[in-house]
file coords_10.txt (compact mmCIF, C-alpha atoms)
# COMPACT_ATOMS: atom_id res chain seq x y z
CA MET J 16 -32.42 -101.69 59.06
CA THR J 17 -32.78 -100.49 62.64
CA TYR J 18 -31.98 -96.94 63.69
CA TYR J 19 -32.08 -95.39 67.14
CA PHE J 20 -33.40 -91.88 67.68
CA ILE J 21 -32.47 -90.19 70.96
CA LEU J 22 -35.34 -87.92 71.90
CA GLY J 23 -35.18 -84.33 73.14
CA ALA J 24 -36.32 -82.60 76.33
CA ASN J 25 -40.00 -83.34 75.64
CA PRO J 26 -39.99 -86.99 74.51
CA ALA J 27 -43.69 -87.02 73.63
CA LEU J 28 -43.24 -84.14 71.17
CA SER J 29 -40.08 -85.70 69.72
CA LEU J 30 -41.84 -89.02 69.25
CA ALA J 31 -44.92 -87.43 67.66
CA GLU J 32 -42.70 -85.50 65.23
CA ILE J 33 -40.76 -88.61 64.15
CA PHE J 34 -43.98 -90.59 63.76
CA THR J 35 -45.49 -87.83 61.59
CA VAL J 36 -42.40 -87.43 59.39
CA LEU J 37 -41.61 -91.13 58.84
CA GLY J 38 -45.20 -92.38 59.13
CA PRO J 39 -46.01 -95.57 57.22
CA LEU J 40 -42.41 -95.98 56.06
CA ALA J 41 -41.32 -97.40 59.40
CA THR J 42 -42.24 -99.37 62.50
CA PHE J 43 -41.49 -97.95 65.94
CA GLU J 44 -40.52 -99.39 69.34
CA LEU J 45 -40.03 -97.18 72.37
CA VAL J 46 -37.13 -98.48 74.46
CA ASP J 47 -37.48 -95.90 77.24
CA LYS J 48 -38.51 -92.26 77.49
CA ASP J 49 -35.32 -91.15 75.72
CA CYS J 50 -34.76 -93.78 73.04
CA LEU J 51 -36.84 -94.87 70.05
CA LEU J 52 -36.02 -97.74 67.67
CA VAL J 53 -37.10 -97.19 64.07
CA GLU J 54 -37.20 -100.14 61.66
CA VAL J 55 -37.13 -99.32 57.94
CA THR J 56 -36.55 -101.06 54.64
CA GLY J 57 -33.37 -99.65 53.16
CA GLU J 58 -31.34 -96.76 54.52
CA LEU J 59 -32.33 -93.45 56.08
CA ASP J 60 -30.65 -90.19 55.14
CA THR J 61 -29.73 -89.40 58.73
CA LYS J 62 -28.08 -86.07 57.90
CA SER J 63 -31.22 -84.75 56.19
CA LEU J 64 -33.39 -86.08 59.02
CA ILE J 65 -31.41 -84.44 61.82
CA ASN J 66 -31.59 -81.16 59.88
CA LYS J 67 -35.36 -81.49 59.45
CA LEU J 68 -36.36 -82.63 62.95
CA GLY J 69 -36.54 -80.20 65.84
CA GLY J 70 -36.91 -82.72 68.66
CA THR J 71 -34.28 -85.40 67.97
CA VAL J 72 -30.77 -85.02 69.40
CA LYS J 73 -28.95 -88.10 68.03
CA ILE J 74 -29.47 -90.72 65.32
CA GLY J 75 -27.46 -93.87 64.67
CA LEU J 76 -27.63 -97.32 63.10
CA ALA J 77 -28.06 -100.24 65.52
CA THR J 78 -27.37 -103.94 64.95
CA PRO J 79 -28.36 -106.89 67.17
CA PHE J 80 -25.56 -108.41 69.21
CA VAL J 81 -25.33 -112.11 68.48
CA GLY J 82 -22.51 -114.12 70.03
CA LYS J 83 -20.41 -114.10 73.15
CA ASP J 84 -17.64 -111.59 72.45
CA LEU J 85 -19.25 -108.21 73.12
CA LEU J 86 -15.89 -106.46 73.17
CA MET J 87 -15.06 -107.66 69.67
CA ALA J 88 -18.47 -106.58 68.38
CA ILE J 89 -17.90 -103.10 69.80
CA LYS J 90 -14.35 -102.93 68.50
CA GLU J 91 -15.66 -103.48 64.96
CA LYS J 92 -17.59 -100.20 65.34
CA CYS J 93 -14.34 -98.36 66.05
CA GLN J 94 -13.01 -98.01 62.53
CA THR J 95 -10.00 -95.74 62.53
CA THR J 96 -6.59 -95.21 60.97
CA ARG J 97 -3.43 -96.35 62.69
CA GLY J 98 -1.42 -93.44 64.04
CA LYS J 99 -4.39 -91.13 64.54
CA LYS J 100 -5.74 -90.17 67.94
CA PHE J 101 -9.00 -92.06 68.46
CA SER J 102 -11.69 -91.05 70.96
CA PHE J 103 -14.65 -93.13 72.04
CA GLY J 104 -17.53 -92.84 74.48
CA PHE J 105 -20.46 -94.93 75.66
CA SER J 106 -24.16 -94.30 76.18
CA ALA J 107 -26.69 -96.89 77.29
CA TYR J 108 -30.49 -96.97 76.96
CA GLY J 109 -33.01 -99.43 78.30
CA LYS J 110 -32.06 -101.95 80.99
CA VAL J 111 -28.41 -102.39 80.07
CA THR J 112 -26.64 -104.36 82.81
CA THR J 113 -23.19 -104.50 81.20
CA PRO J 114 -20.66 -102.59 83.39
CA ILE J 115 -19.71 -99.68 81.14
CA LYS J 116 -16.52 -98.71 82.97
CA SER J 117 -14.89 -102.13 82.69
CA LEU J 118 -16.08 -102.42 79.08
CA ALA J 119 -14.52 -99.03 78.24
CA MET J 120 -11.20 -99.92 79.88
CA ASN J 121 -11.07 -103.25 78.06
CA LEU J 122 -11.82 -101.51 74.75
CA LYS J 123 -9.10 -98.94 75.38
CA ARG J 124 -6.62 -101.71 76.14
CA ALA J 125 -7.59 -103.66 73.01
CA LEU J 126 -7.22 -100.61 70.77
CA GLN J 127 -3.85 -99.76 72.29
CA GLU J 128 -2.66 -103.32 71.64
CA ASP J 129 -3.46 -102.63 67.98
CA GLY J 130 -1.14 -99.63 68.11
CA LEU J 131 -3.86 -97.00 68.40
CA SER J 132 -3.60 -93.97 70.66
CA CYS J 133 -7.05 -93.50 72.20
CA ARG J 134 -9.00 -91.88 74.99
CA TRP J 135 -12.30 -92.62 76.69
CA VAL J 136 -14.69 -89.65 76.74
CA VAL J 137 -16.94 -89.40 79.79
CA SER J 138 -19.40 -86.80 81.10
CA LYS J 139 -21.17 -85.97 84.35
CA GLU J 140 -24.47 -87.19 82.94
CA LYS J 141 -25.33 -90.85 82.57
CA ASN J 142 -25.21 -90.61 78.77
CA LEU J 143 -23.26 -88.35 76.45
CA SER J 144 -25.13 -85.29 75.23
CA SER J 145 -25.08 -84.14 71.62
CA VAL J 146 -22.84 -81.26 72.74
CA VAL J 147 -20.26 -83.63 74.24
CA VAL J 148 -20.36 -85.91 71.20
CA GLU J 149 -19.79 -82.98 68.84
CA GLN J 150 -17.23 -81.02 70.82
CA THR J 151 -15.02 -84.03 71.66
CA GLY J 152 -14.82 -85.03 68.00
CA LEU J 153 -16.52 -88.41 68.37
CA LEU J 154 -18.27 -88.04 65.01
CA LYS J 155 -15.15 -87.17 62.99
CA GLU J 156 -12.24 -88.89 64.73
CA GLY J 157 -13.90 -91.36 67.05
CA ALA J 158 -17.13 -93.07 67.93
CA GLU J 159 -20.00 -92.86 70.38
CA ILE J 160 -20.92 -96.47 71.04
CA VAL J 161 -24.53 -96.92 72.09
CA LEU J 162 -25.82 -100.02 73.88
CA ILE J 163 -29.58 -100.59 73.82
CA LYS J 164 -31.38 -103.30 75.79
CA HIS J 165 -34.93 -103.78 74.57
CA GLY J 166 -36.73 -106.81 75.95
CA GLU J 167 -34.40 -109.75 75.46
CA ARG J 168 -32.45 -108.03 72.70
CA LEU J 169 -29.14 -106.22 73.06
CA LEU J 170 -28.27 -103.87 70.21
CA ILE J 171 -25.02 -102.07 69.48
CA GLY J 172 -25.04 -98.76 67.68
CA LYS J 173 -22.71 -95.99 66.58
CA THR J 174 -24.01 -92.43 66.50
CA ASP J 175 -24.08 -91.06 62.99
CA VAL J 176 -25.36 -87.50 63.47
CA VAL J 177 -26.26 -85.13 66.30
CA GLN J 178 -28.50 -82.08 66.45
CA LEU J 179 -26.86 -78.90 65.18
CA PHE J 180 -27.12 -77.13 68.54
CA LYS J 181 -24.94 -74.18 67.49
CA ASP J 182 -27.16 -73.52 64.50
CA TRP J 183 -30.33 -73.64 66.62
CA SER J 184 -28.80 -71.24 69.14
CA HIS J 185 -27.72 -68.89 66.35
CA ARG J 186 -31.27 -68.62 64.99
CA ASP J 187 -32.66 -68.15 68.48
CA TYR J 188 -30.24 -65.68 70.06
CA GLY J 189 -28.37 -64.35 67.02
CA ARG J 190 -31.29 -62.88 65.12
CA PRO J 191 -31.72 -59.13 65.32
CA GLU J 192 -35.20 -59.00 66.88
CA ARG J 193 -36.45 -60.92 69.93
CA ASP J 194 -39.36 -60.15 72.24
CA ASP J 195 -38.65 -61.87 75.55
CA PHE J 196 -41.19 -59.78 77.43
CA SER J 197 -44.33 -60.86 75.59
CA GLY J 198 -43.10 -64.43 75.20
CA MET J 199 -41.62 -66.17 72.22
CA LEU J 200 -42.00 -69.55 70.62
CA PRO J 201 -38.67 -71.45 70.74
CA PRO J 202 -37.34 -72.25 67.24
CA LYS J 203 -37.14 -75.99 67.98
CA LEU J 204 -40.78 -76.05 69.08
CA ALA J 205 -41.79 -74.04 65.99
CA ARG J 206 -39.99 -76.59 63.80
CA ILE J 207 -41.68 -79.53 65.56
CA MET J 208 -45.08 -77.89 65.10
CA ILE J 209 -44.44 -77.35 61.37
CA ASN J 210 -43.53 -81.03 61.03
CA LEU J 211 -46.63 -82.06 63.00
CA ALA J 212 -48.66 -80.08 60.46
CA SER J 213 -47.11 -82.17 57.66
CA VAL J 214 -46.26 -79.01 55.72
CA THR J 215 -44.77 -79.63 52.28
CA LYS J 216 -42.64 -77.25 50.23
CA ASP J 217 -45.59 -76.50 47.96
CA ASP J 218 -48.04 -75.68 50.77
CA VAL J 219 -49.07 -72.20 51.78
CA LEU J 220 -48.11 -71.90 55.46
CA ALA J 221 -49.69 -69.16 57.60
CA ASP J 222 -48.97 -67.87 61.09
CA PRO J 223 -51.72 -65.40 62.12
CA PHE J 224 -49.92 -64.49 65.39
CA CYS J 225 -46.45 -64.26 63.86
CA GLY J 226 -44.74 -62.17 66.57
CA SER J 227 -41.07 -61.92 65.61
CA GLY J 228 -41.49 -64.54 62.88
CA THR J 229 -40.18 -67.76 64.41
CA VAL J 230 -42.62 -70.04 62.58
CA LEU J 231 -41.97 -68.25 59.28
CA THR J 232 -38.18 -68.42 59.62
CA GLU J 233 -38.30 -72.13 60.43
CA GLY J 234 -40.66 -72.64 57.49
CA ALA J 235 -38.15 -70.88 55.23
CA MET J 236 -35.39 -73.12 56.59
CA LEU J 237 -37.44 -76.13 55.49
CA GLY J 238 -37.74 -74.77 51.96
CA ILE J 239 -41.42 -73.76 52.10
CA HIS J 240 -41.98 -71.26 49.30
CA GLU J 241 -45.21 -69.47 50.27
CA LEU J 242 -45.37 -67.96 53.77
CA ILE J 243 -48.03 -65.70 55.26
CA GLY J 244 -47.62 -63.87 58.54
CA SER J 245 -49.96 -61.51 60.32
CA ASP J 246 -50.11 -59.88 63.72
CA VAL J 247 -52.17 -57.21 65.41
CA SER J 248 -48.92 -55.41 66.26
CA LEU J 249 -47.16 -53.40 63.56
CA GLU J 250 -43.95 -53.65 65.60
CA ALA J 251 -44.19 -57.45 65.36
CA ILE J 252 -44.53 -57.24 61.58
CA ASP J 253 -41.42 -55.03 61.40
CA ASP J 254 -39.53 -57.50 63.62
CA THR J 255 -40.54 -60.37 61.34
CA LYS J 256 -39.35 -58.48 58.24
CA LYS J 257 -35.95 -57.85 59.85
CA ASN J 258 -35.59 -61.47 60.99
CA LEU J 259 -36.49 -62.86 57.56
CA ALA J 260 -33.99 -60.51 55.90
CA TRP J 261 -31.34 -61.59 58.42
CA LEU J 262 -32.13 -65.25 57.72
CA LYS J 263 -31.54 -64.76 54.00
CA SER J 264 -28.18 -63.17 54.74
CA GLN J 265 -27.12 -66.05 57.01
CA TYR J 266 -28.24 -69.12 55.05
CA ASP J 267 -28.21 -70.36 51.48
CA LEU J 268 -31.98 -70.81 51.22
CA ALA J 269 -34.31 -71.61 48.38
CA ASP J 270 -36.19 -68.46 47.40
CA PHE J 271 -39.33 -67.90 49.42
CA HIS J 272 -42.16 -65.39 49.29
CA ALA J 273 -43.46 -63.95 52.57
CA GLN J 274 -46.66 -61.89 52.72
CA LEU J 275 -46.92 -59.91 55.95
CA PHE J 276 -50.03 -58.07 57.21
CA GLU J 277 -51.02 -56.05 60.24
CA CYS J 278 -54.32 -57.70 61.14
CA ASP J 279 -56.38 -58.99 64.04
CA ALA J 280 -56.44 -62.79 63.66
CA ARG J 281 -60.23 -62.73 64.12
CA ASN J 282 -60.52 -60.77 60.85
CA LEU J 283 -58.19 -62.80 58.64
CA SER J 284 -60.81 -63.44 55.97
CA THR J 285 -60.94 -59.72 55.20
CA ILE J 286 -57.38 -60.01 53.87
CA LEU J 287 -56.99 -63.61 52.77
CA GLY J 288 -59.24 -65.33 50.30
CA ALA J 289 -61.45 -68.32 51.01
CA ASP J 290 -59.60 -71.66 51.04
CA SER J 291 -56.30 -69.89 50.38
CA VAL J 292 -54.17 -71.54 53.09
CA ASP J 293 -53.03 -75.17 53.32
CA LYS J 294 -51.56 -75.27 56.84
CA VAL J 295 -51.57 -73.00 59.88
CA VAL J 296 -48.93 -73.14 62.61
CA THR J 297 -49.21 -70.55 65.34
CA GLU J 298 -48.95 -69.56 68.98
CA PRO J 299 -51.74 -67.08 69.78
CA TYR J 300 -51.86 -64.68 72.70
CA LEU J 301 -51.38 -66.72 75.89
CA GLY J 302 -52.76 -64.23 78.40
CA PRO J 303 -51.42 -61.30 80.45
CA VAL J 304 -47.71 -61.33 81.22
CA VAL J 305 -48.15 -60.16 84.82
CA GLY J 306 -50.79 -60.70 87.47
CA THR J 307 -52.95 -63.71 88.23
CA ARG J 308 -53.63 -65.57 85.01
CA ALA J 309 -56.22 -68.19 85.96
CA THR J 310 -58.97 -65.72 86.88
CA PRO J 311 -62.48 -66.30 85.50
CA GLU J 312 -62.14 -63.08 83.50
CA ASN J 313 -58.86 -64.14 81.85
CA ILE J 314 -60.17 -67.63 81.11
CA LYS J 315 -63.29 -66.21 79.49
CA LYS J 316 -61.29 -63.75 77.35
CA LEU J 317 -58.89 -66.42 76.14
CA THR J 318 -61.67 -68.91 75.45
CA ASN J 319 -63.57 -66.35 73.37
CA LEU J 320 -60.42 -65.32 71.47
CA TYR J 321 -59.50 -68.88 70.52
CA SER J 322 -63.07 -69.88 69.64
CA GLN J 323 -63.51 -66.82 67.39
CA PHE J 324 -60.11 -67.46 65.81
CA LEU J 325 -61.09 -71.03 64.85
CA VAL J 326 -64.27 -69.74 63.20
CA GLU J 327 -62.15 -67.37 61.10
CA LEU J 328 -59.66 -70.11 60.22
CA ASP J 329 -62.50 -72.20 58.81
CA LYS J 330 -62.98 -69.54 56.14
CA ILE J 331 -59.39 -69.45 54.87
CA VAL J 332 -58.07 -73.01 55.37
CA LYS J 333 -58.62 -75.55 52.61
CA ALA J 334 -60.65 -78.71 53.13
CA LYS J 335 -58.77 -81.29 55.23
CA GLY J 336 -56.22 -78.61 56.06
CA ARG J 337 -54.29 -78.99 59.29
CA VAL J 338 -53.78 -76.47 62.10
CA VAL J 339 -51.12 -76.91 64.76
CA MET J 340 -51.38 -74.35 67.51
CA VAL J 341 -50.67 -73.65 71.15
CA TRP J 342 -53.44 -73.38 73.73
CA PRO J 343 -52.38 -71.94 77.11
CA VAL J 344 -52.36 -74.10 80.22
CA LEU J 345 -52.76 -71.81 83.23
CA VAL J 346 -50.63 -73.27 86.02
CA GLY J 347 -52.16 -73.09 89.51
CA ARG J 348 -51.02 -74.16 92.96
CA LYS J 349 -53.55 -76.96 93.23
CA ALA J 350 -54.51 -77.66 89.65
CA ASN J 351 -53.86 -76.51 86.10
CA THR J 352 -56.56 -74.91 83.99
CA PHE J 353 -57.06 -76.12 80.40
CA LEU J 354 -59.21 -74.04 78.08
CA ASP J 355 -62.48 -75.51 76.84
CA ILE J 356 -62.50 -74.19 73.28
CA ASP J 357 -65.45 -74.49 70.90
CA MET J 358 -63.74 -76.27 67.98
CA GLY J 359 -66.70 -75.88 65.63
CA PRO J 360 -65.75 -77.36 62.24
CA TRP J 361 -62.48 -78.80 63.50
CA ARG J 362 -61.66 -82.23 64.89
CA MET J 363 -58.70 -82.93 67.16
CA TRP J 364 -56.00 -85.24 65.81
CA ARG J 365 -53.98 -87.44 68.15
CA ALA J 366 -50.29 -87.17 67.35
CA LEU J 367 -49.23 -90.25 69.33
CA PRO J 368 -50.31 -93.82 68.53
CA ALA J 369 -51.63 -95.61 71.60
CA ASN J 370 -48.98 -98.34 71.53
CA LEU J 371 -46.16 -95.78 71.87
CA ILE J 372 -47.56 -93.78 74.77
CA ASN J 373 -45.36 -93.99 77.87
CA PRO J 374 -46.60 -93.22 81.42
CA SER J 375 -43.82 -90.64 81.82
CA MET J 376 -45.11 -88.54 78.93
CA ASN J 377 -46.70 -85.23 79.81
CA LEU J 378 -50.14 -85.59 78.22
CA SER J 379 -53.43 -83.88 78.97
CA GLN J 380 -56.68 -85.75 79.56
CA ARG J 381 -57.54 -85.19 75.89
CA HIS J 382 -54.19 -86.77 74.91
CA THR J 383 -52.63 -83.53 73.69
CA ILE J 384 -48.98 -82.95 74.51
CA VAL J 385 -48.10 -80.43 77.22
CA TYR J 386 -44.89 -78.40 76.97
CA GLY J 387 -43.45 -76.47 79.90
CA ARG J 388 -40.99 -76.44 82.74
CA ALA J 389 -41.11 -75.88 86.49
CA GLY J 390 -41.64 -72.26 87.49
CA GLN J 391 -43.55 -71.20 84.40
CA LYS J 392 -46.99 -69.70 85.03
CA VAL J 393 -48.25 -70.68 81.60
CA TRP J 394 -47.48 -73.96 79.86
CA ARG J 395 -48.23 -74.81 76.26
CA GLU J 396 -50.74 -77.39 75.12
CA ILE J 397 -49.87 -78.49 71.58
CA VAL J 398 -53.15 -78.99 69.72
CA ILE J 399 -53.47 -80.49 66.24
CA LEU J 400 -56.73 -79.82 64.41
CA VAL J 401 -57.97 -81.10 61.06
CA LYS J 402 -60.77 -79.43 59.11
CA LYS J 403 -63.73 -81.77 58.92
call {"tool": "encode", "arguments": {"input": "coords_10.txt", "output": "structure tokens"}}
result
Amino acid sequence: MTYYFILGANPALSLAEIFTVLGPLATFELVDKDCLLVEVTGELDTKSLINKLGGTVKIGLATPFVGKDLLMAIKEKCQTTRGKKFSFGFSAYGKVTTPIKSLAMNLKRALQEDGLSCRWVVSKEKNLSSVVVEQTGLLKEGAEIVLIKHGERLLIGKTDVVQLFKDWSHRDYGRPERDDFSGMLPPKLARIMINLASVTKDDVLADPFCGSGTVLTEGAMLGIHELIGSDVSLEAIDDTKKNLAWLKSQYDLADFHAQLFECDARNLSTILGADSVDKVVTEPYLGPVVGTRATPENIKKLTNLYSQFLVELDKIVKAKGRVVMVWPVLVGRKANTFLDIDMGPWRMWRALPANLINPSMNLSQRHTIVYGRAGQKVWREIVILVKK
């Protein structure tokens, strides 16, 4: 069966996450920077997948169009009950040449001839967003029809699930403690990083720069039982405690155990035992909030911090354990500065297979994925390390 995954704001991260989660169970074809085709044997649990993934905004089942009557093939996707108001919308990915407007008007006319009251949902963007699909009721009392042109093939799909954007916003802005001043890892990015680390429910997951606890809360949402958080700031530890308590009050979660410590990340082994952690997901200190960031002094301090941190991680992470972390990219007027970290006992793992890399993807020279937006002074380089 063929499913389409509509990728999020950073397609490279979304693609890497899907590839890590589905792995050898599927084959992948990138249609364009926003759309991925996933071929599997059997069916996917799309509802569970959209809840697990942080970087996918829509998932649906696609079938090849064979024949001459495209309108009839689309009409078959519009299963509804006579007498009910039916809404439909279109999105197109790849080099679709079919005129959508005339197709939509013909579909509306055909449905009305069958005695159905219907409306065509449109938006200002080229394709319907997950917000539009959800808020216009296309999933419950309608259909988002997706046309995909990949090579010589034309596929027709119907969106099955969309990202739970209200839930993501609630965990981001609704939690009691946030620290916008010192910077904060977005929940979606934290979730993607956890998935890139291939964390299982039975793993011990640690975040040695836990801040307000975003990685730990997303780990708890995924059902991970053993969580460890530490930070050099006691205020951050208190914020994490409050956010984890709030999370328990908001969601019906499997019971989890969170150990929290005030500790410099370069001294972790004084608190945690040798080989006691399976996976580490973290965003360390990214540099001073104000002032010029890409000075030789700042670069040296950050390089030393990260190099010393990796030495300490080697003591507590189990053999073949995986670390997914952020390295700062210092944005300059003429060029960006990437840190040259001494990785010691760690090797870098490439999250994207070569055949799926698209020229539009924001990758570094070492093929790591870069995350940021215009105007930011520091971008994030997503680095995946495996213990040798």
call {"tool": "closest_residue", "arguments": {"input": "coords_10.txt", "among": "J:Leu262, J:Met236, J:Ile21, J:Ile314", "to": "J:Glu192", "atoms": "all atoms listed in the file"}}
result
J:Leu262
call {"tool": "residues_around", "arguments": {"input": "coords_10.txt", "residues": "stretch 325-328 of chain J", "least_positions_apart": "5", "cutoff": "7 Å", "atoms": "all atoms listed in the file", "output": "list in words"}}
result
Arg281, Asn282, Leu283, Ser284 and Met358 of chain J
call {"tool": "closest_atom_pairs", "arguments": {"input": "coords_10.txt", "of": "stretch 39-89 of chain J", "to": "stretch 193-217 of chain J", "cutoff": "10 Å", "atoms": "only C-alpha atoms", "output": "Markdown table"}}
result
| residue | atom | partner | partner_atom | distance |
| --- | --- | --- | --- | --- |
| J:Lys67 | CA | J:Arg206 | CA | 8.0 |
| J:Leu68 | CA | J:Ile207 | CA | 6.7 |
| J:Gly69 | CA | J:Lys203 | CA | 4.8 |
| J:Gly70 | CA | J:Ile207 | CA | 6.5 |
| J:Thr71 | CA | J:Ile207 | CA | 9.7 |
call {"tool": "atom_distance", "arguments": {"input": "coords_10.txt", "atom1": "atom CA of J:Gly75", "atom2": "atom CA of J:Asn370"}}
result
23.0 Å
call {"tool": "residues_around", "arguments": {"input": "coords_10.txt", "residues": "stretch 158-163 of chain J", "least_positions_apart": "5", "cutoff": "6 Å", "atoms": "all atoms listed in the file", "output": "list in words"}}
result
Phe103, Gly104, Phe105, Ser106, Ala107, Tyr108, Gly109, Leu153, Leu169, Leu170, Ile171, Gly172, Lys173 and Thr174 of chain J
call {"tool": "residues_around", "arguments": {"input": "coords_10.txt", "residues": "J:Phe20", "least_positions_apart": "6", "cutoff": "7 Å", "atoms": "only C-alpha atoms", "output": "PyMOL selection string"}}
result
chain J and resi 50-52+71+73-75
call {"tool": "residues_around", "arguments": {"input": "coords_10.txt", "residues": "J:Thr297", "least_positions_apart": "2", "cutoff": "12 Å", "atoms": "all atoms listed in the file", "output": "PDB file with C-alpha atoms, keeping the file's coordinate frame"}}
result
ATOM      1  CA  MET J 199     -41.620 -66.170  72.220  1.00  0.00           C
ATOM      2  CA  LEU J 200     -42.000 -69.550  70.620  1.00  0.00           C
ATOM      3  CA  PRO J 201     -38.670 -71.450  70.740  1.00  0.00           C
ATOM      4  CA  LEU J 204     -40.780 -76.050  69.080  1.00  0.00           C
ATOM      5  CA  ALA J 205     -41.790 -74.040  65.990  1.00  0.00           C
ATOM      6  CA  ARG J 206     -39.990 -76.590  63.800  1.00  0.00           C
ATOM      7  CA  ILE J 207     -41.680 -79.530  65.560  1.00  0.00           C
ATOM      8  CA  MET J 208     -45.080 -77.890  65.100  1.00  0.00           C
ATOM      9  CA  ILE J 209     -44.440 -77.350  61.370  1.00  0.00           C
ATOM     10  CA  ALA J 212     -48.660 -80.080  60.460  1.00  0.00           C
ATOM     11  CA  LEU J 220     -48.110 -71.900  55.460  1.00  0.00           C
ATOM     12  CA  ALA J 221     -49.690 -69.160  57.600  1.00  0.00           C
ATOM     13  CA  ASP J 222     -48.970 -67.870  61.090  1.00  0.00           C
ATOM     14  CA  PRO J 223     -51.720 -65.400  62.120  1.00  0.00           C
ATOM     15  CA  PHE J 224     -49.920 -64.490  65.390  1.00  0.00           C
ATOM     16  CA  CYS J 225     -46.450 -64.260  63.860  1.00  0.00           C
ATOM     17  CA  GLY J 226     -44.740 -62.170  66.570  1.00  0.00           C
ATOM     18  CA  SER J 227     -41.070 -61.920  65.610  1.00  0.00           C
ATOM     19  CA  GLY J 228     -41.490 -64.540  62.880  1.00  0.00           C
ATOM     20  CA  THR J 229     -40.180 -67.760  64.410  1.00  0.00           C
ATOM     21  CA  VAL J 230     -42.620 -70.040  62.580  1.00  0.00           C
ATOM     22  CA  LEU J 231     -41.970 -68.250  59.280  1.00  0.00           C
ATOM     23  CA  GLY J 234     -40.660 -72.640  57.490  1.00  0.00           C
ATOM     24  CA  ILE J 243     -48.030 -65.700  55.260  1.00  0.00           C
ATOM     25  CA  GLY J 244     -47.620 -63.870  58.540  1.00  0.00           C
ATOM     26  CA  SER J 245     -49.960 -61.510  60.320  1.00  0.00           C
ATOM     27  CA  ASP J 246     -50.110 -59.880  63.720  1.00  0.00           C
ATOM     28  CA  ALA J 280     -56.440 -62.790  63.660  1.00  0.00           C
ATOM     29  CA  LYS J 294     -51.560 -75.270  56.840  1.00  0.00           C
ATOM     30  CA  VAL J 295     -51.570 -73.000  59.880  1.00  0.00           C
ATOM     31  CA  PRO J 299     -51.740 -67.080  69.780  1.00  0.00           C
ATOM     32  CA  TYR J 300     -51.860 -64.680  72.700  1.00  0.00           C
ATOM     33  CA  LEU J 301     -51.380 -66.720  75.890  1.00  0.00           C
ATOM     34  CA  TYR J 321     -59.500 -68.880  70.520  1.00  0.00           C
ATOM     35  CA  PHE J 324     -60.110 -67.460  65.810  1.00  0.00           C
ATOM     36  CA  LEU J 325     -61.090 -71.030  64.850  1.00  0.00           C
ATOM     37  CA  LEU J 328     -59.660 -70.110  60.220  1.00  0.00           C
ATOM     38  CA  ARG J 337     -54.290 -78.990  59.290  1.00  0.00           C
ATOM     39  CA  VAL J 338     -53.780 -76.470  62.100  1.00  0.00           C
ATOM     40  CA  VAL J 339     -51.120 -76.910  64.760  1.00  0.00           C
ATOM     41  CA  MET J 340     -51.380 -74.350  67.510  1.00  0.00           C
ATOM     42  CA  VAL J 341     -50.670 -73.650  71.150  1.00  0.00           C
ATOM     43  CA  TRP J 342     -53.440 -73.380  73.730  1.00  0.00           C
ATOM     44  CA  ARG J 395     -48.230 -74.810  76.260  1.00  0.00           C
ATOM     45  CA  ILE J 397     -49.870 -78.490  71.580  1.00  0.00           C
ATOM     46  CA  VAL J 398     -53.150 -78.990  69.720  1.00  0.00           C
ATOM     47  CA  ILE J 399     -53.470 -80.490  66.240  1.00  0.00           C
ATOM     48  CA  LEU J 400     -56.730 -79.820  64.410  1.00  0.00           C
TER      49      LEU J 400
END
call {"tool": "atom_distance", "arguments": {"input": "coords_10.txt", "atom1": "atom CA of J:Cys133", "atom2": "atom CA of J:Leu154"}}
result
14.4 Å
call {"tool": "closest_residue", "arguments": {"input": "coords_10.txt", "among": "J:Val137, J:Ala389, J:Ala350, J:Leu45", "to": "J:Ala119", "atoms": "all atoms listed in the file"}}
result
J:Val137
call {"tool": "closest_residue", "arguments": {"input": "coords_10.txt", "among": "J:Asn373, J:Thr232, J:Thr310, J:Ser291", "to": "J:Ile331", "atoms": "only C-alpha atoms"}}
result
J:Ser291
call {"tool": "atom_distance", "arguments": {"input": "coords_10.txt", "atom1": "atom CA of J:Glu54", "atom2": "atom CA of J:Val111"}}
result
20.5 Å
call {"tool": "closest_residue", "arguments": {"input": "coords_10.txt", "among": "J:Asp129, J:Val177, J:Lys110, J:Leu122", "to": "J:Gly23", "atoms": "all atoms listed in the file"}}
result
J:Val177
call {"tool": "closest_residue", "arguments": {"input": "coords_10.txt", "among": "J:Asp329, J:Glu44, J:Asp254, J:Asp267", "to": "J:Ala289", "atoms": "only C-alpha atoms"}}
result
J:Asp329
call {"tool": "closest_residue", "arguments": {"input": "coords_10.txt", "among": "J:Pro374, J:Pro343, J:Gly152, J:Pro191", "to": "J:Leu259", "atoms": "all atoms listed in the file"}}
result
J:Pro191
call {"tool": "residues_around", "arguments": {"input": "coords_10.txt", "residues": "J:Ser102", "least_positions_apart": "6", "cutoff": "6 Å", "atoms": "all atoms listed in the file", "output": "PDB file with C-alpha atoms, in the frame of the given file"}}
result
ATOM      1  CA  CYS J 133      -7.050 -93.500  72.200  1.00  0.00           C
ATOM      2  CA  ARG J 134      -9.000 -91.880  74.990  1.00  0.00           C
ATOM      3  CA  TRP J 135     -12.300 -92.620  76.690  1.00  0.00           C
ATOM      4  CA  GLY J 157     -13.900 -91.360  67.050  1.00  0.00           C
TER       5      GLY J 157
END
